[in-house]
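Coordinates as given in start_15.csv (CSV, C-alpha atoms and all ligand atoms):
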```csv
chain,number,residue,atom,x,y,z
A,1,MET,CA,0.0,0.0,0.0
A,2,GLY,CA,1.2,3.5,-0.8
A,3,LYS,CA,2.3,5.8,2.1
A,4,HIS,CA,0.0,8.5,3.6
A,5,ILE,CA,2.1,11.7,4.1
A,6,LEU,CA,1.0,15.0,5.5
A,7,LEU,CA,3.1,18.1,4.8
A,8,LEU,CA,2.5,21.1,7.0
A,9,GLY,CA,4.0,24.6,6.8
A,10,ALA,CA,3.1,28.3,6.6
A,11,PRO,CA,2.2,29.9,3.3
A,12,GLY,CA,5.4,30.0,1.3
A,13,ALA,CA,7.2,27.4,3.4
A,14,GLY,CA,7.8,25.3,0.3
A,15,LYS,CA,5.0,22.7,0.6
A,16,GLY,CA,4.2,22.9,-3.1
A,17,THR,CA,7.8,22.7,-4.2
A,18,GLN,CA,8.5,19.7,-2.0
A,19,SER,CA,5.2,17.9,-2.5
A,20,LYS,CA,5.6,17.8,-6.2
A,21,ARG,CA,9.0,16.2,-6.0
A,22,LEU,CA,7.9,13.8,-3.3
A,23,ALA,CA,4.9,12.7,-5.4
A,24,GLU,CA,7.1,12.0,-8.4
A,25,GLU,CA,9.9,10.2,-6.6
A,26,PHE,CA,7.7,8.1,-4.3
A,27,ASP,CA,4.9,7.5,-6.8
A,28,LEU,CA,2.3,9.2,-4.6
A,29,GLU,CA,-0.8,11.3,-5.5
A,30,HIS,CA,-0.3,15.0,-4.8
A,31,VAL,CA,-3.4,16.2,-3.1
A,32,THR,CA,-3.5,19.9,-2.6
A,33,THR,CA,-6.5,22.0,-1.6
A,34,GLY,CA,-4.9,25.2,-2.9
A,35,ASP,CA,-4.5,23.9,-6.5
A,36,ALA,CA,-8.0,22.2,-6.4
A,37,LEU,CA,-9.6,25.5,-5.2
A,38,ARG,CA,-7.7,27.6,-7.8
A,39,ALA,CA,-8.9,25.3,-10.5
A,40,ASN,CA,-12.5,25.9,-9.3
A,41,LYS,CA,-12.3,29.5,-8.1
A,42,ASP,CA,-15.6,30.4,-9.6
A,43,MET,CA,-17.5,27.2,-8.6
A,44,ASP,CA,-20.9,28.1,-7.2
A,45,ILE,CA,-21.0,27.3,-3.5
A,46,GLY,CA,-24.1,29.6,-2.9
A,47,HIS,CA,-26.3,26.6,-2.0
A,48,MET,CA,-24.1,25.9,1.0
A,49,ASP,CA,-24.5,28.0,4.1
A,50,THR,CA,-21.5,30.2,3.2
A,51,GLU,CA,-20.9,34.0,3.4
A,52,PHE,CA,-19.7,34.3,-0.2
A,53,ASP,CA,-20.8,32.5,-3.4
A,54,THR,CA,-17.4,31.4,-4.7
A,55,PRO,CA,-14.0,30.3,-3.4
A,56,ARG,CA,-12.5,33.3,-5.2
A,57,ALA,CA,-13.9,35.8,-2.7
A,58,TYR,CA,-12.2,34.0,0.2
A,59,MET,CA,-8.9,33.2,-1.6
A,60,ASP,CA,-8.3,36.7,-3.0
A,61,ALA,CA,-8.8,38.1,0.5
A,62,GLY,CA,-6.4,35.5,2.1
A,63,GLU,CA,-9.2,34.0,4.2
A,64,LEU,CA,-10.0,30.3,4.6
A,65,VAL,CA,-12.6,28.8,2.3
A,66,PRO,CA,-15.4,27.2,4.4
A,67,ASP,CA,-14.7,23.7,5.8
A,68,GLU,CA,-17.7,22.0,4.2
A,69,VAL,CA,-16.3,22.9,0.7
A,70,VAL,CA,-12.7,21.9,1.5
A,71,ASN,CA,-13.6,18.7,3.4
A,72,GLU,CA,-15.6,17.4,0.4
A,73,ILE,CA,-12.6,18.0,-1.9
A,74,VAL,CA,-10.2,16.2,0.4
A,75,LYS,CA,-12.5,13.2,1.0
A,76,GLU,CA,-13.1,12.7,-2.7
A,77,ALA,CA,-9.4,13.1,-3.6
A,78,LEU,CA,-8.2,10.7,-0.8
A,79,SER,CA,-10.8,8.1,-1.7
A,80,ASN,CA,-9.2,7.9,-5.2
A,81,ALA,CA,-5.6,7.7,-4.0
A,82,ASP,CA,-3.6,4.8,-2.8
A,83,GLY,CA,-0.6,6.6,-1.5
A,84,TYR,CA,-0.7,10.4,-1.2
A,85,VAL,CA,1.1,13.5,-0.1
A,86,LEU,CA,-1.4,16.0,1.3
A,87,ASP,CA,-0.5,19.7,1.2
A,88,GLY,CA,-2.6,22.7,2.3
A,89,TYR,CA,-4.9,20.8,4.6
A,90,PRO,CA,-5.8,20.6,7.5
A,91,ARG,CA,-5.8,24.4,8.2
A,92,ASN,CA,-7.8,24.4,11.4
A,93,ILE,CA,-8.6,22.0,14.2
A,94,ASP,CA,-12.0,21.1,12.8
A,95,GLN,CA,-10.4,20.1,9.5
A,96,ALA,CA,-7.7,18.1,11.5
A,97,GLU,CA,-10.5,16.2,13.3
A,98,TYR,CA,-12.3,15.5,10.0
A,99,LEU,CA,-9.1,14.2,8.5
A,100,THR,CA,-8.6,11.8,11.4
A,101,SER,CA,-12.1,10.5,10.8
A,102,ILE,CA,-11.5,9.6,7.1
A,103,THR,CA,-7.9,8.4,6.9
A,104,ASP,CA,-4.7,7.4,8.8
A,105,LEU,CA,-1.3,9.0,8.4
A,106,ASP,CA,2.2,7.4,8.2
A,107,ALA,CA,4.1,10.6,8.7
A,108,VAL,CA,3.5,14.3,9.5
A,109,LEU,CA,6.2,16.7,8.4
A,110,TYR,CA,6.5,20.4,9.2
A,111,LEU,CA,8.6,22.8,7.2
A,112,ASP,CA,9.9,25.5,9.6
A,113,VAL,CA,10.6,28.9,8.0
A,114,SER,CA,10.8,32.4,9.6
A,115,GLU,CA,8.1,35.0,8.8
A,116,GLU,CA,10.6,37.4,7.1
A,117,GLU,CA,11.7,34.6,4.7
A,118,LEU,CA,8.0,33.6,4.0
A,119,VAL,CA,7.1,37.2,2.9
A,120,ARG,CA,10.2,37.3,0.6
A,121,ARG,CA,9.4,33.9,-0.9
A,122,LEU,CA,5.7,34.7,-1.6
A,123,THR,CA,6.0,38.1,-3.0
A,124,GLY,CA,8.8,36.9,-5.3
A,125,ARG,CA,7.0,33.7,-6.4
A,126,ARG,CA,6.2,33.4,-10.1
A,127,LEU,CA,4.4,30.5,-11.9
A,128,ASP,CA,4.6,29.1,-15.4
A,129,PRO,CA,1.0,28.8,-16.5
A,130,GLU,CA,1.9,26.2,-19.1
A,131,THR,CA,3.8,23.7,-16.9
A,132,ASP,CA,2.7,24.8,-13.4
A,133,GLU,CA,6.4,25.0,-12.5
A,134,ILE,CA,7.1,27.2,-9.4
A,135,TYR,CA,9.9,29.9,-9.7
A,136,HIS,CA,11.2,32.8,-7.7
A,137,THR,CA,12.4,36.2,-9.0
A,138,GLU,CA,15.5,36.1,-6.8
A,139,PHE,CA,16.2,32.4,-6.0
A,140,ASP,CA,15.1,30.5,-9.0
A,141,MET,CA,14.4,31.9,-12.5
A,142,PRO,CA,14.2,29.7,-15.7
A,143,ASP,CA,17.1,30.1,-18.2
A,144,ASP,CA,14.8,30.1,-21.2
A,145,GLU,CA,13.8,33.7,-22.0
A,146,GLU,CA,10.5,32.5,-23.5
A,147,VAL,CA,9.5,30.9,-20.2
A,148,ARG,CA,10.7,33.9,-18.2
A,149,GLU,CA,8.4,36.2,-20.2
A,150,ARG,CA,5.3,34.1,-19.7
A,151,LEU,CA,5.6,33.8,-15.9
A,152,VAL,CA,2.7,35.1,-13.8
A,153,GLN,CA,2.1,36.1,-10.2
A,154,ARG,CA,-0.6,34.4,-8.1
A,155,ASP,CA,-3.6,36.8,-7.3
A,156,ASP,CA,-3.0,36.3,-3.5
A,157,ASP,CA,0.8,36.9,-3.6
A,158,THR,CA,0.6,40.7,-3.2
A,159,GLU,CA,2.2,42.0,0.0
A,160,GLU,CA,-1.1,43.0,1.6
A,161,THR,CA,-2.8,39.6,1.0
A,162,VAL,CA,0.4,37.7,2.0
A,163,ARG,CA,0.3,39.5,5.5
A,164,GLU,CA,-3.3,38.5,5.9
A,165,ARG,CA,-2.6,34.9,4.9
A,166,LEU,CA,0.2,34.7,7.5
A,167,ARG,CA,-2.2,36.2,10.2
A,168,VAL,CA,-4.8,33.6,9.3
A,169,TYR,CA,-2.2,30.9,9.4
A,170,GLU,CA,-1.0,31.9,12.9
A,171,GLU,CA,-4.6,32.0,14.2
A,172,ASN,CA,-6.0,28.9,12.6
A,173,THR,CA,-3.2,26.6,11.5
A,174,GLU,CA,-0.5,26.9,14.1
A,175,PRO,CA,-2.8,25.1,16.6
A,176,VAL,CA,-2.9,22.2,14.1
A,177,VAL,CA,0.9,22.0,14.1
A,178,GLU,CA,0.7,22.0,18.0
A,179,HIS,CA,-1.9,19.3,17.9
A,180,TYR,CA,0.4,16.9,15.9
A,181,ARG,CA,3.4,18.0,18.1
A,182,ASP,CA,1.4,17.1,21.2
A,183,GLU,CA,0.6,13.7,19.7
A,184,GLY,CA,4.4,13.2,19.3
A,185,VAL,CA,4.1,12.5,15.6
A,186,LEU,CA,5.5,15.8,14.1
A,187,VAL,CA,8.8,15.6,12.3
A,188,GLU,CA,10.2,19.2,12.1
A,189,ILE,CA,12.4,20.1,9.1
A,190,ASP,CA,14.5,23.2,8.6
A,191,GLY,CA,12.8,24.7,5.6
A,192,GLU,CA,15.3,27.5,5.2
A,193,GLN,CA,17.9,25.2,3.6
A,194,SER,CA,18.2,25.0,-0.2
A,195,PRO,CA,15.3,23.2,-1.9
A,196,ASP,CA,17.6,20.1,-2.5
A,197,ASP,CA,18.7,19.9,1.1
A,198,VAL,CA,15.1,20.3,2.3
A,199,PHE,CA,14.1,17.5,0.0
A,200,GLU,CA,16.9,15.2,1.3
A,201,ASP,CA,15.4,15.6,4.9
A,202,VAL,CA,11.9,15.2,3.6
A,203,ALA,CA,12.8,12.0,1.6
A,204,ASP,CA,14.7,10.5,4.6
A,205,THR,CA,11.6,10.9,6.8
A,206,VAL,CA,9.3,9.4,4.2
A,207,ASP,CA,11.7,6.5,3.6
A,208,SER,CA,11.6,5.5,7.2
A,209,ALA,CA,7.9,6.0,7.7
B,1,LIG,P1,-2.5,27.3,-0.8
B,1,LIG,O1,-2.4,27.2,-2.3
B,1,LIG,O2,-2.5,26.0,0.0
B,1,LIG,O3,-1.4,28.3,-0.4
B,1,LIG,P2,-0.5,28.4,0.9
B,1,LIG,O4,-0.7,27.4,2.0
B,1,LIG,O5,-0.7,29.8,1.3
B,1,LIG,O6,0.9,27.9,0.5
B,1,LIG,P3,1.6,28.4,-0.8
B,1,LIG,O7,1.2,27.6,-2.0
B,1,LIG,O8,1.5,29.9,-1.0
B,1,LIG,O9,3.1,28.1,-0.4
B,1,LIG,P4,3.9,26.8,-0.5
B,1,LIG,O10,4.3,26.4,1.0
B,1,LIG,O11,3.3,25.7,-1.3
B,1,LIG,O12,5.3,27.3,-1.1
B,1,LIG,P5,5.9,27.1,-2.5
B,1,LIG,O13,6.5,25.7,-2.6
B,1,LIG,O14,5.1,27.6,-3.6
B,1,LIG,O15,-3.8,28.1,-0.4
B,1,LIG,C1,-4.3,29.3,-1.0
B,1,LIG,C2,-5.6,29.7,-0.5
B,1,LIG,O16,-6.6,28.6,-0.8
B,1,LIG,C3,-5.7,29.9,1.0
B,1,LIG,O17,-5.3,31.2,1.3
B,1,LIG,C4,-7.2,29.7,1.2
B,1,LIG,O18,-8.0,30.8,0.8
B,1,LIG,C5,-7.5,28.5,0.3
B,1,LIG,N1,-7.4,27.2,0.9
B,1,LIG,C6,-6.4,26.2,0.6
B,1,LIG,N2,-6.5,25.2,1.4
B,1,LIG,C7,-7.5,25.4,2.3
B,1,LIG,C8,-8.1,24.7,3.4
B,1,LIG,N3,-7.6,23.5,3.7
B,1,LIG,N4,-9.1,25.3,4.1
B,1,LIG,C9,-9.6,26.5,3.7
B,1,LIG,N5,-9.1,27.3,2.7
B,1,LIG,C10,-8.1,26.7,2.0
B,1,LIG,O19,7.2,28.1,-2.4
B,1,LIG,C11,7.0,29.5,-2.3
B,1,LIG,C12,8.1,30.3,-3.0
B,1,LIG,O20,9.4,30.0,-2.4
B,1,LIG,C13,8.3,29.8,-4.5
B,1,LIG,O21,8.6,30.9,-5.2
B,1,LIG,C14,9.5,28.9,-4.4
B,1,LIG,O22,10.3,28.9,-5.6
B,1,LIG,C15,10.3,29.4,-3.3
B,1,LIG,N6,11.0,28.4,-2.5
B,1,LIG,C16,10.5,27.2,-2.1
B,1,LIG,N7,11.4,26.5,-1.3
B,1,LIG,C17,12.5,27.3,-1.3
B,1,LIG,C18,13.7,27.1,-0.6
B,1,LIG,N8,14.1,26.0,0.1
B,1,LIG,N9,14.6,28.2,-0.7
B,1,LIG,C19,14.3,29.3,-1.4
B,1,LIG,N10,13.1,29.5,-2.1
B,1,LIG,C20,12.2,28.5,-2.0
```
In structure tokens, what does this structure look like?
Ligand code: AP5
Amino acid sequence: MGKHILLLGAPGAGKGTQSKRLAEEFDLEHVTTGDALRANKDMDIGHMDTEFDTPRAYMDAGELVPDEVVNEIVKEALSNADGYVLDGYPRNIDQAEYLTSITDLDAVLYLDVSEEELVRRLTGRRLDPETDEIYHTEFDMPDDEEVRERLVQRDDDTEETVRERLRVYEENTEPVVEHYRDEGVLVEIDGEQSPDDVFEDVADTVDSA
């Protein structure tokens, strides 16, 4: 059976960067609520008991999309996956409890990065809309000029929204990290190393899970 891996970390900690690689090298499904919601930003959620009618309204403000929307996405994705790396979920204690009720986990990893570094990473992040590859204006730009010219910035990577996302993370998601730490299952990884060094630590942990 494939492994069940949970990757936690603040916005910009490198969850997407590491999960993609982990999924490829360990043949796991990459389950990410952020990408799933971005692909369905204008989905009509008006029939649910929510404040706004689409995920976009929450995401562009840096707020959490309501649990009932996100829980459904995760349940569906996990039921179709043998092994998986889950990234972007759970983001509050209620989601963590829901996750416990639908699956078991082999490893819980936490990428530790300081706030100053998170802001630098998020405001400099650029994406290739054709390949979904993640780049950074200072740390990692593509050599190919054609690729460089088509890079775009995510709607929620402006400095103001980034600050709000970090505030929401501190209020809602840090308690989730504490929850797994209290259970004694959290493996903390220094997320400020180079992407390759972070991956080495991540892969070692998954190998021994
Ligand atoms: P989501 O897409 O999950 O965003 P996030 O958690 O804010 O995380 P990011 O994708 O911004 O960062 P990352 O950790 O993946 O970093 P990355 O690898 O790209 O969520 C977006 C929104 O969706 C939320 O605000 C919310 O509205 C909604 N949502 C999602 N899930 C939800 C849920 N469960 N419940 C409710 N709402 C939900 O790296 C960042 C940058 O740093 C890149 O440029 C990269 O090149 C660079 N970088 C990465 N690693 C390194 C390194 N080691 N050294 C130097 N640079 C690096």
Grab me every residue within 7 Å of ligand LIG 1 (chain B), counting only C-alpha atoms and all ligand atoms, and send it over as a PDB file with C-alpha atoms, in the frame of the given file.
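Dumped to part.pdb:
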```
ATOM      1  CA  GLY A   9       4.000  24.600   6.800  1.00  0.00           C
ATOM      2  CA  ALA A  10       3.100  28.300   6.600  1.00  0.00           C
ATOM      3  CA  PRO A  11       2.200  29.900   3.300  1.00  0.00           C
ATOM      4  CA  GLY A  12       5.400  30.000   1.300  1.00  0.00           C
ATOM      5  CA  ALA A  13       7.200  27.400   3.400  1.00  0.00           C
ATOM      6  CA  GLY A  14       7.800  25.300   0.300  1.00  0.00           C
ATOM      7  CA  LYS A  15       5.000  22.700   0.600  1.00  0.00           C
ATOM      8  CA  GLY A  16       4.200  22.900  -3.100  1.00  0.00           C
ATOM      9  CA  THR A  17       7.800  22.700  -4.200  1.00  0.00           C
ATOM     10  CA  GLN A  18       8.500  19.700  -2.000  1.00  0.00           C
ATOM     11  CA  THR A  32      -3.500  19.900  -2.600  1.00  0.00           C
ATOM     12  CA  THR A  33      -6.500  22.000  -1.600  1.00  0.00           C
ATOM     13  CA  GLY A  34      -4.900  25.200  -2.900  1.00  0.00           C
ATOM     14  CA  ASP A  35      -4.500  23.900  -6.500  1.00  0.00           C
ATOM     15  CA  LEU A  37      -9.600  25.500  -5.200  1.00  0.00           C
ATOM     16  CA  TYR A  58     -12.200  34.000   0.200  1.00  0.00           C
ATOM     17  CA  MET A  59      -8.900  33.200  -1.600  1.00  0.00           C
ATOM     18  CA  GLY A  62      -6.400  35.500   2.100  1.00  0.00           C
ATOM     19  CA  GLU A  63      -9.200  34.000   4.200  1.00  0.00           C
ATOM     20  CA  LEU A  64     -10.000  30.300   4.600  1.00  0.00           C
ATOM     21  CA  VAL A  65     -12.600  28.800   2.300  1.00  0.00           C
ATOM     22  CA  PRO A  66     -15.400  27.200   4.400  1.00  0.00           C
ATOM     23  CA  ASP A  67     -14.700  23.700   5.800  1.00  0.00           C
ATOM     24  CA  VAL A  70     -12.700  21.900   1.500  1.00  0.00           C
ATOM     25  CA  ASP A  87      -0.500  19.700   1.200  1.00  0.00           C
ATOM     26  CA  GLY A  88      -2.600  22.700   2.300  1.00  0.00           C
ATOM     27  CA  TYR A  89      -4.900  20.800   4.600  1.00  0.00           C
ATOM     28  CA  PRO A  90      -5.800  20.600   7.500  1.00  0.00           C
ATOM     29  CA  ARG A  91      -5.800  24.400   8.200  1.00  0.00           C
ATOM     30  CA  ARG A 121       9.400  33.900  -0.900  1.00  0.00           C
ATOM     31  CA  LEU A 122       5.700  34.700  -1.600  1.00  0.00           C
ATOM     32  CA  GLY A 124       8.800  36.900  -5.300  1.00  0.00           C
ATOM     33  CA  ARG A 125       7.000  33.700  -6.400  1.00  0.00           C
ATOM     34  CA  ARG A 126       6.200  33.400 -10.100  1.00  0.00           C
ATOM     35  CA  ILE A 134       7.100  27.200  -9.400  1.00  0.00           C
ATOM     36  CA  TYR A 135       9.900  29.900  -9.700  1.00  0.00           C
ATOM     37  CA  HIS A 136      11.200  32.800  -7.700  1.00  0.00           C
ATOM     38  CA  PHE A 139      16.200  32.400  -6.000  1.00  0.00           C
ATOM     39  CA  ASP A 140      15.100  30.500  -9.000  1.00  0.00           C
ATOM     40  CA  ARG A 165      -2.600  34.900   4.900  1.00  0.00           C
ATOM     41  CA  GLY A 191      12.800  24.700   5.600  1.00  0.00           C
ATOM     42  CA  GLU A 192      15.300  27.500   5.200  1.00  0.00           C
ATOM     43  CA  GLN A 193      17.900  25.200   3.600  1.00  0.00           C
ATOM     44  CA  SER A 194      18.200  25.000  -0.200  1.00  0.00           C
ATOM     45  CA  PRO A 195      15.300  23.200  -1.900  1.00  0.00           C
ATOM     46  CA  VAL A 198      15.100  20.300   2.300  1.00  0.00           C
TER      47      VAL A 198
END
```
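Considering all atoms listed in the file, the residue among A:Pro175, A:Gly83, A:Gly46, A:Pro55 positioned nearest to Leu22 (chain A) is A:Gly83.
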Q: Select, from A:Asp204, A:Val108, A:Glu117, A:Glu164, the residue with the minimum atom-to-atom distance to Glu183 (chain A), counting only C-alpha atoms.
A: A:Val108
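Going from CA of Ala96 (chain A) to CA of Leu78 (chain A) covers 14.4 Å.
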Q | Shortest interatomic distance to Asp60 (chain A) - which of A:Asp207, A:Asp128, A:Glu145, A:Asp42, counting only C-alpha atoms | A | A:Asp42
